[in-house]
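Have a look at data.cif below; it lists mmCIF, C-alpha atoms.
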data_run
loop_
_atom_site.label_atom_id
_atom_site.label_comp_id
_atom_site.auth_asym_id
_atom_site.auth_seq_id
_atom_site.Cartn_x
_atom_site.Cartn_y
_atom_site.Cartn_z
CA MET A 1 1.32 -16.95 -50.53
CA LEU A 2 0.37 -15.79 -54.02
CA ASN A 3 -2.12 -18.59 -54.46
CA GLN A 4 -3.38 -18.43 -50.92
CA LYS A 5 -7.15 -18.56 -51.03
CA ILE A 6 -9.15 -17.22 -48.18
CA VAL A 7 -12.76 -17.65 -49.17
CA SER A 8 -15.87 -17.37 -47.12
CA SER A 9 -18.73 -19.71 -47.94
CA GLY A 10 -21.25 -17.08 -46.91
CA SER A 11 -22.54 -16.11 -43.52
CA VAL A 12 -20.57 -18.58 -41.44
CA TYR A 13 -17.66 -17.46 -39.32
CA LYS A 14 -14.58 -19.70 -39.39
CA GLY A 15 -15.77 -21.77 -36.45
CA ARG A 16 -14.07 -23.43 -33.50
CA THR A 17 -13.06 -21.76 -30.24
CA GLY A 18 -12.70 -18.28 -31.75
CA MET A 19 -16.29 -18.28 -32.99
CA TRP A 20 -17.66 -19.46 -29.65
CA LEU A 21 -15.64 -16.80 -27.83
CA TYR A 22 -17.05 -14.20 -30.25
CA ILE A 23 -20.61 -15.33 -29.47
CA PHE A 24 -19.80 -15.56 -25.76
CA HIS A 25 -18.44 -12.00 -25.77
CA ARG A 26 -21.65 -10.68 -27.33
CA VAL A 27 -23.96 -12.62 -25.02
CA THR A 28 -22.13 -11.52 -21.85
CA GLY A 29 -21.91 -7.96 -23.23
CA VAL A 30 -25.67 -7.70 -23.83
CA ALA A 31 -26.39 -9.28 -20.42
CA LEU A 32 -24.04 -6.85 -18.66
CA PHE A 33 -25.65 -3.88 -20.43
CA GLY A 34 -29.08 -5.05 -19.21
CA TYR A 35 -27.79 -5.39 -15.66
CA LEU A 36 -26.13 -1.96 -15.91
CA LEU A 37 -29.52 -0.31 -16.61
CA LEU A 38 -31.13 -2.18 -13.69
CA HIS A 39 -28.23 -1.18 -11.44
CA ILE A 40 -28.51 2.51 -12.40
CA ILE A 41 -32.22 2.48 -11.52
CA SER A 42 -31.75 0.73 -8.17
CA THR A 43 -28.90 3.08 -7.23
CA ALA A 44 -30.86 6.16 -8.35
CA LEU A 45 -33.49 5.28 -5.73
CA ILE A 46 -31.02 6.57 -3.13
CA LEU A 47 -32.25 10.11 -3.88
CA LEU A 48 -35.63 9.09 -2.42
CA GLY A 49 -34.11 8.46 1.01
CA PRO A 50 -32.79 5.60 3.17
CA GLU A 51 -36.11 3.71 3.48
CA VAL A 52 -36.76 3.47 -0.25
CA TYR A 53 -33.12 2.66 -1.08
CA GLU A 54 -32.71 -0.04 1.56
CA GLY A 55 -36.14 -1.45 0.70
CA ALA A 56 -34.89 -1.92 -2.86
CA GLU A 57 -31.57 -3.34 -1.68
CA ALA A 58 -33.39 -5.85 0.55
CA ILE A 59 -34.63 -7.58 -2.61
CA TYR A 60 -31.00 -8.53 -3.35
CA LYS A 61 -30.27 -9.91 0.11
CA ASN A 62 -31.03 -13.61 -0.20
CA PHE A 63 -29.12 -16.64 -1.32
CA TYR A 64 -30.62 -16.79 -4.82
CA PHE A 65 -29.38 -13.31 -5.57
CA ARG A 66 -26.02 -14.24 -4.10
CA LEU A 67 -25.80 -16.95 -6.77
CA GLY A 68 -26.84 -14.27 -9.27
CA GLU A 69 -24.02 -12.04 -8.00
CA VAL A 70 -21.57 -14.89 -8.53
CA GLY A 71 -22.90 -15.16 -12.10
CA LEU A 72 -22.50 -11.39 -12.51
CA MET A 73 -18.91 -11.66 -11.29
CA ALA A 74 -18.32 -14.48 -13.77
CA ALA A 75 -19.76 -12.41 -16.63
CA VAL A 76 -17.68 -9.32 -15.73
CA LEU A 77 -14.45 -11.31 -15.33
CA ALA A 78 -14.99 -13.38 -18.47
CA HIS A 79 -15.91 -10.33 -20.58
CA ALA A 80 -12.91 -8.41 -19.22
CA ILE A 81 -10.37 -11.21 -19.71
CA ASN A 82 -11.72 -12.13 -23.13
CA GLY A 83 -11.61 -8.41 -24.02
CA LEU A 84 -7.94 -8.29 -23.05
CA ARG A 85 -7.40 -11.35 -25.25
CA ILE A 86 -9.08 -9.57 -28.19
CA ILE A 87 -6.94 -6.46 -27.65
CA THR A 88 -3.83 -8.66 -27.57
CA VAL A 89 -4.76 -10.41 -30.82
CA ASP A 90 -5.64 -7.08 -32.49
CA LEU A 91 -2.73 -4.91 -31.41
CA TRP A 92 0.18 -7.31 -30.85
CA SER A 93 1.91 -7.97 -34.17
CA ARG A 94 2.31 -11.68 -33.38
CA GLY A 95 -1.04 -12.00 -31.62
CA SER A 96 -2.75 -14.18 -34.22
CA GLU A 97 0.27 -16.49 -34.23
CA TYR A 98 -0.28 -17.28 -30.56
CA GLN A 99 -4.10 -17.17 -30.59
CA LYS A 100 -4.61 -20.76 -29.43
CA ARG A 101 -2.22 -20.29 -26.55
CA LEU A 102 -3.91 -16.98 -25.72
CA ASN A 103 -7.29 -18.76 -25.52
CA PHE A 104 -5.83 -21.22 -23.03
CA VAL A 105 -4.03 -18.54 -20.97
CA SER A 106 -7.29 -16.50 -20.80
CA LEU A 107 -9.14 -19.54 -19.46
CA LEU A 108 -6.43 -20.14 -16.85
CA ILE A 109 -6.54 -16.48 -15.73
CA PHE A 110 -10.35 -16.61 -15.52
CA ILE A 111 -10.33 -19.78 -13.39
CA SER A 112 -7.57 -18.54 -11.09
CA VAL A 113 -9.50 -15.32 -10.36
CA PHE A 114 -13.05 -16.68 -10.40
CA ILE A 115 -12.61 -19.60 -7.98
CA PRO A 116 -11.22 -17.59 -5.03
CA THR A 117 -13.78 -14.77 -5.51
CA THR A 118 -16.62 -17.29 -5.59
CA TYR A 119 -15.29 -18.95 -2.45
CA LYS A 120 -15.15 -15.57 -0.69
CA MET A 121 -18.64 -14.50 -1.84
CA ILE A 122 -20.32 -17.76 -0.78
CA SER A 123 -18.47 -18.27 2.52
CA SER A 124 -18.94 -14.62 3.48
CA TYR A 125 -22.70 -14.95 2.87
CA PHE A 126 -23.06 -17.83 5.32
CA GLU A 127 -20.73 -16.26 7.90
CA LEU A 128 -22.68 -13.00 7.94
CA CYS A 129 -26.03 -14.78 7.88
CA ILE A 130 -25.24 -17.06 10.83
CA GLU A 131 -23.52 -14.25 12.75
CA LYS A 132 -26.42 -11.83 12.45
CA SER A 133 -29.40 -14.20 12.60
CA SER A 134 -30.91 -15.58 15.81
CA PRO A 135 -29.04 -18.48 17.49
CA GLY A 136 -29.70 -21.91 16.01
CA THR A 137 -29.86 -20.67 12.42
CA THR A 138 -28.37 -23.30 10.12
CA VAL A 139 -26.74 -23.11 6.71
CA ILE A 140 -29.93 -24.55 5.20
CA ASP A 141 -31.96 -21.74 6.80
CA CYS A 142 -29.59 -19.21 5.25
CA MET A 143 -30.12 -20.79 1.83
CA THR A 144 -33.90 -20.99 1.92
CA ARG A 145 -34.97 -17.94 3.93
CA PRO A 146 -34.64 -14.31 2.97
CA LEU A 147 -32.44 -12.52 5.48
CA PRO A 148 -34.23 -10.75 8.35
CA ASP A 149 -34.05 -7.00 8.46
CA TRP A 150 -30.93 -6.70 10.60
CA LYS A 151 -31.11 -2.94 11.01
CA SER A 152 -34.45 -2.94 12.82
CA LYS A 153 -33.07 -5.20 15.56
CA MET B 1 -23.38 -19.90 -59.51
CA SER B 2 -22.66 -19.85 -55.84
CA THR B 3 -18.90 -20.06 -56.31
CA ASN B 4 -18.83 -16.71 -58.06
CA GLN B 5 -20.64 -15.08 -55.17
CA ARG B 6 -17.89 -15.90 -52.73
CA THR B 7 -15.77 -13.08 -51.45
CA ASP B 8 -12.11 -13.48 -52.25
CA TRP B 9 -10.82 -11.87 -49.07
CA ALA B 10 -7.22 -11.90 -50.31
CA ARG B 11 -8.11 -9.61 -53.23
CA ARG B 12 -10.73 -7.55 -51.47
CA GLN B 13 -9.96 -3.84 -51.46
CA PRO B 14 -10.87 -1.69 -48.49
CA PRO B 15 -13.79 0.65 -49.18
CA THR B 16 -12.66 4.14 -50.19
CA GLY B 17 -14.13 7.40 -48.99
CA GLY B 18 -16.72 7.76 -46.27
CA SER B 19 -16.02 8.64 -42.66
CA ASN B 20 -13.58 7.13 -40.21
CA PHE B 21 -16.33 6.71 -37.60
CA GLU B 22 -16.16 2.90 -37.51
CA LEU B 23 -12.37 3.00 -37.14
CA TYR B 24 -12.64 5.36 -34.17
CA ALA B 25 -15.49 3.26 -32.72
CA TRP B 26 -13.30 0.15 -32.98
CA PHE B 27 -10.41 1.94 -31.29
CA PHE B 28 -12.68 3.40 -28.61
CA MET B 29 -13.85 -0.13 -27.67
CA ARG B 30 -10.22 -1.13 -27.02
CA VAL B 31 -9.33 1.97 -25.00
CA SER B 32 -12.55 2.09 -22.96
CA GLY B 33 -12.28 -1.68 -22.49
CA LEU B 34 -8.86 -1.29 -20.91
CA PHE B 35 -10.17 1.39 -18.53
CA LEU B 36 -13.26 -0.71 -17.73
CA VAL B 37 -11.11 -3.70 -16.81
CA LEU B 38 -9.74 -1.51 -14.01
CA LEU B 39 -12.94 0.41 -13.17
CA ALA B 40 -15.58 -2.35 -13.48
CA THR B 41 -13.64 -5.26 -12.01
CA GLY B 42 -12.33 -2.84 -9.35
CA HIS B 43 -15.91 -1.89 -8.51
CA MET B 44 -16.95 -5.57 -8.41
CA PHE B 45 -14.06 -6.47 -6.08
CA ILE B 46 -14.72 -3.53 -3.75
CA MET B 47 -18.45 -4.29 -3.48
CA HIS B 48 -18.48 -8.10 -3.57
CA VAL B 49 -15.09 -9.32 -2.31
CA PHE B 50 -13.49 -6.70 -0.01
CA ASN B 51 -16.94 -5.79 1.33
CA ASP B 52 -20.08 -7.87 1.25
CA THR B 53 -23.25 -6.57 -0.45
CA LEU B 54 -25.19 -7.84 2.58
CA ASN B 55 -23.64 -4.90 4.45
CA LEU B 56 -24.56 -2.43 1.71
CA ASP B 57 -26.85 0.28 3.06
CA TYR B 58 -27.60 3.99 2.77
CA GLU B 59 -24.74 4.99 5.09
CA PHE B 60 -22.23 2.94 3.10
CA VAL B 61 -23.06 4.82 -0.10
CA ALA B 62 -23.26 8.15 1.72
CA ALA B 63 -19.77 7.60 3.16
CA ARG B 64 -18.46 6.62 -0.26
CA TRP B 65 -19.94 9.65 -1.98
CA ASP B 66 -18.70 11.93 0.80
CA THR B 67 -15.47 12.23 -1.19
CA PRO B 68 -15.38 13.71 -4.70
CA TYR B 69 -12.86 10.99 -5.52
CA TRP B 70 -15.42 8.16 -5.39
CA ARG B 71 -18.06 10.26 -7.14
CA THR B 72 -15.55 10.77 -9.97
CA PHE B 73 -14.73 7.05 -10.01
CA ASP B 74 -18.42 6.16 -10.21
CA TRP B 75 -19.12 8.80 -12.88
CA LEU B 76 -16.25 7.54 -15.04
CA LEU B 77 -17.55 3.99 -14.62
CA LEU B 78 -21.09 5.14 -15.53
CA ALA B 79 -19.99 7.10 -18.60
CA LEU B 80 -17.53 4.55 -19.98
CA SER B 81 -19.71 1.48 -19.37
CA LEU B 82 -22.75 3.16 -20.96
CA LEU B 83 -20.74 4.30 -24.01
CA HIS B 84 -18.95 0.94 -24.35
CA GLY B 85 -22.24 -0.95 -23.91
CA THR B 86 -24.19 1.31 -26.28
CA ASN B 87 -21.58 0.95 -29.02
CA GLY B 88 -21.46 -2.82 -28.45
CA LEU B 89 -25.24 -3.11 -28.67
CA ARG B 90 -25.24 -0.84 -31.74
CA ILE B 91 -22.99 -3.37 -33.48
CA VAL B 92 -25.04 -6.35 -32.26
CA LEU B 93 -28.30 -4.76 -33.49
CA HIS B 94 -26.68 -3.77 -36.79
CA ASP B 95 -25.44 -7.33 -37.33
CA ASN B 96 -28.62 -9.13 -36.37
CA ILE B 97 -31.52 -7.00 -37.62
CA SER B 98 -31.76 -7.04 -41.40
CA ASN B 99 -35.06 -5.16 -41.68
CA GLN B 100 -34.06 -1.52 -42.27
CA ASN B 101 -37.03 0.06 -40.47
CA LEU B 102 -36.80 -2.27 -37.50
CA ARG B 103 -33.08 -1.59 -37.28
CA LYS B 104 -33.59 2.18 -37.31
CA ILE B 105 -36.29 1.96 -34.65
CA SER B 106 -34.26 -0.32 -32.36
CA LEU B 107 -31.15 1.85 -32.72
CA SER B 108 -33.19 4.97 -31.91
CA VAL B 109 -34.61 3.27 -28.81
CA LEU B 110 -31.09 2.22 -27.78
CA TYR B 111 -29.68 5.76 -28.13
CA PHE B 112 -32.65 7.30 -26.32
CA VAL B 113 -32.42 4.83 -23.41
CA SER B 114 -28.64 5.30 -23.11
CA VAL B 115 -28.89 9.11 -23.04
CA MET B 116 -31.69 8.96 -20.46
CA PHE B 117 -29.72 6.61 -18.18
CA PHE B 118 -26.60 8.73 -18.57
CA ILE B 119 -28.54 11.84 -17.53
CA LEU B 120 -30.18 9.96 -14.62
CA GLY B 121 -26.90 8.53 -13.33
CA THR B 122 -25.05 11.83 -13.66
CA TYR B 123 -27.89 13.66 -11.90
CA VAL B 124 -27.82 11.19 -8.99
CA LEU B 125 -24.04 11.51 -8.60
CA ILE B 126 -24.21 15.32 -8.56
CA ALA B 127 -27.43 15.84 -6.63
CA PHE B 128 -26.99 13.29 -3.83
CA VAL B 129 -26.84 14.92 -0.39
CA SER B 130 -26.71 12.58 2.58
CA GLU B 131 -29.71 12.67 4.90
CA VAL B 132 -27.87 10.99 7.75
#
Write the structure described by the file as structure tokens, please.
Amino acid sequence: MLNQKIVSSGSVYKGRTGMWLYIFHRVTGVALFGYLLLHIISTALILLGPEVYEGAEAIYKNFYFRLGEVGLMAAVLAHAINGLRIITVDLWSRGSEYQKRLNFVSLLIFISVFIPTTYKMISSYFELCIEKSSPGTTVIDCMTRPLPDWKSK
Amino acid sequence: MSTNQRTDWARRQPPTGGSNFELYAWFFMRVSGLFLVLLATGHMFIMHVFNDTLNLDYEFVAARWDTPYWRTFDWLLLALSLLHGTNGLRIVLHDNISNQNLRKISLSVLYFVSVMFFILGTYVLIAFVSEV
């Protein structure tokens, strides 16, 4: 251990999975902060009354935004689970010993939570769309058309 | 002599003096992160999995904010996510902007925006009175 040399060749991080997770954590973090600001604005519109608020919410109610919501869910879950991994490595005395296994376990946890939530979010979209739209509406219609204003019916 | 410019991390001494701000900021990210795992993923599951955002309307929010419990939940989520996000972005800007003036300006903008959004969000949570 006396002659152990840990030298950095400059600006480069040590590479591999840990470096990509570090970059991934920053990218999802910045993206989530941007969405947070947007979300605060759209929720604040509720002070202007039901028409303004629901007019703003109607922008979100189509299939493209549903895919965006799935992406948002992925970002939140990935940032949260990777954050728990970082806390484990930082605060558990043997964390760095098990870091490769922790990477793998984090991925498994992410997949096991993300797949069922995605299934629920997508299937629920089509169920509600077909249930509340006029008879004869197909899955393709639900994907390509913005949803009609259900409340006015 | 590039070899002499390398940092020998094994012999590197921690900086002495100064404030403990960065230590507390580091610790805050861990603590607030743990709370946000519960608050933010909880919020996501309530809105996107147990309910569907297609059903989200004025009455839904009004019913939620009828209880001080959910207003407190949402305010905690607002405060912690803004603080956690602002500190995270502070570090990202510090790491990636080398120009001193540009860094100062971008950090000032970040702090101003965060304070404004915190005031806006808090005001909405306190001032909201249902019209239906």
Query raised in the report: Can you tell me, as number ranges by chain, what residues are no more than 10 Å from segment 109-113 of chain B when counting only C-alpha atoms, ignoring any on the same chain fewer than 2 positions away?
Result: A: 37; B: 83, 86-87, 89-90, 93, 103-107, 115-119
Requested in this report: Would you kindly report the residues of chain B within 8 Å of chain A, using only C-alpha atoms, as a PyMOL selection string?
Outcome: chain B and resi 6-10+30+33-34+36-37+40-41+44+48-49+52-54+56-58+82+85-86+88-89+92+117+120-121+124+127-128+131
Query raised in the report: For Leu78 of chain B, which residue out of B:Arg11, B:Gly17, B:Trp26, B:Leu125 is the nearest one, using all atoms listed in the file?
Result: B:Leu125
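The spacing separating atom CA of Ala79 of chain B from atom CA of Phe35 of chain B amounts to 11.4 Å.
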Report task. One decimal, Å: what's the distance from atom CA of Met19 of chain A over to atom CA of Leu77 of chain B, could you say? Result ->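 Taking atom CA of Met19 of chain A and atom CA of Leu77 of chain B, their separation equals 28.9 Å.
Put simply, atom CA of Leu23 of chain B is 14.5 Å away from atom CA of His84 of chain B.
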Given the file shown, determine the residues that the PyMOL selection byres ((chain B and resi 74) around 10) selects; report them as an mmCIF file with C-alpha atoms, in the frame of the given file.
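Contents of the output file out15.cif:
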data_model
loop_
_atom_site.group_PDB
_atom_site.id
_atom_site.type_symbol
_atom_site.label_atom_id
_atom_site.label_comp_id
_atom_site.auth_asym_id
_atom_site.auth_seq_id
_atom_site.Cartn_x
_atom_site.Cartn_y
_atom_site.Cartn_z
ATOM 1 C CA LEU B 39 -12.940 0.410 -13.170
ATOM 2 C CA ALA B 40 -15.580 -2.350 -13.480
ATOM 3 C CA HIS B 43 -15.910 -1.890 -8.510
ATOM 4 C CA ARG B 64 -18.460 6.620 -0.260
ATOM 5 C CA TRP B 65 -19.940 9.650 -1.980
ATOM 6 C CA PRO B 68 -15.380 13.710 -4.700
ATOM 7 C CA TYR B 69 -12.860 10.990 -5.520
ATOM 8 C CA TRP B 70 -15.420 8.160 -5.390
ATOM 9 C CA ARG B 71 -18.060 10.260 -7.140
ATOM 10 C CA THR B 72 -15.550 10.770 -9.970
ATOM 11 C CA PHE B 73 -14.730 7.050 -10.010
ATOM 12 C CA TRP B 75 -19.120 8.800 -12.880
ATOM 13 C CA LEU B 76 -16.250 7.540 -15.040
ATOM 14 C CA LEU B 77 -17.550 3.990 -14.620
ATOM 15 C CA LEU B 78 -21.090 5.140 -15.530
ATOM 16 C CA ALA B 79 -19.990 7.100 -18.600
ATOM 17 C CA LEU B 80 -17.530 4.550 -19.980
ATOM 18 C CA GLY B 121 -26.900 8.530 -13.330
ATOM 19 C CA THR B 122 -25.050 11.830 -13.660
ATOM 20 C CA LEU B 125 -24.040 11.510 -8.600
#
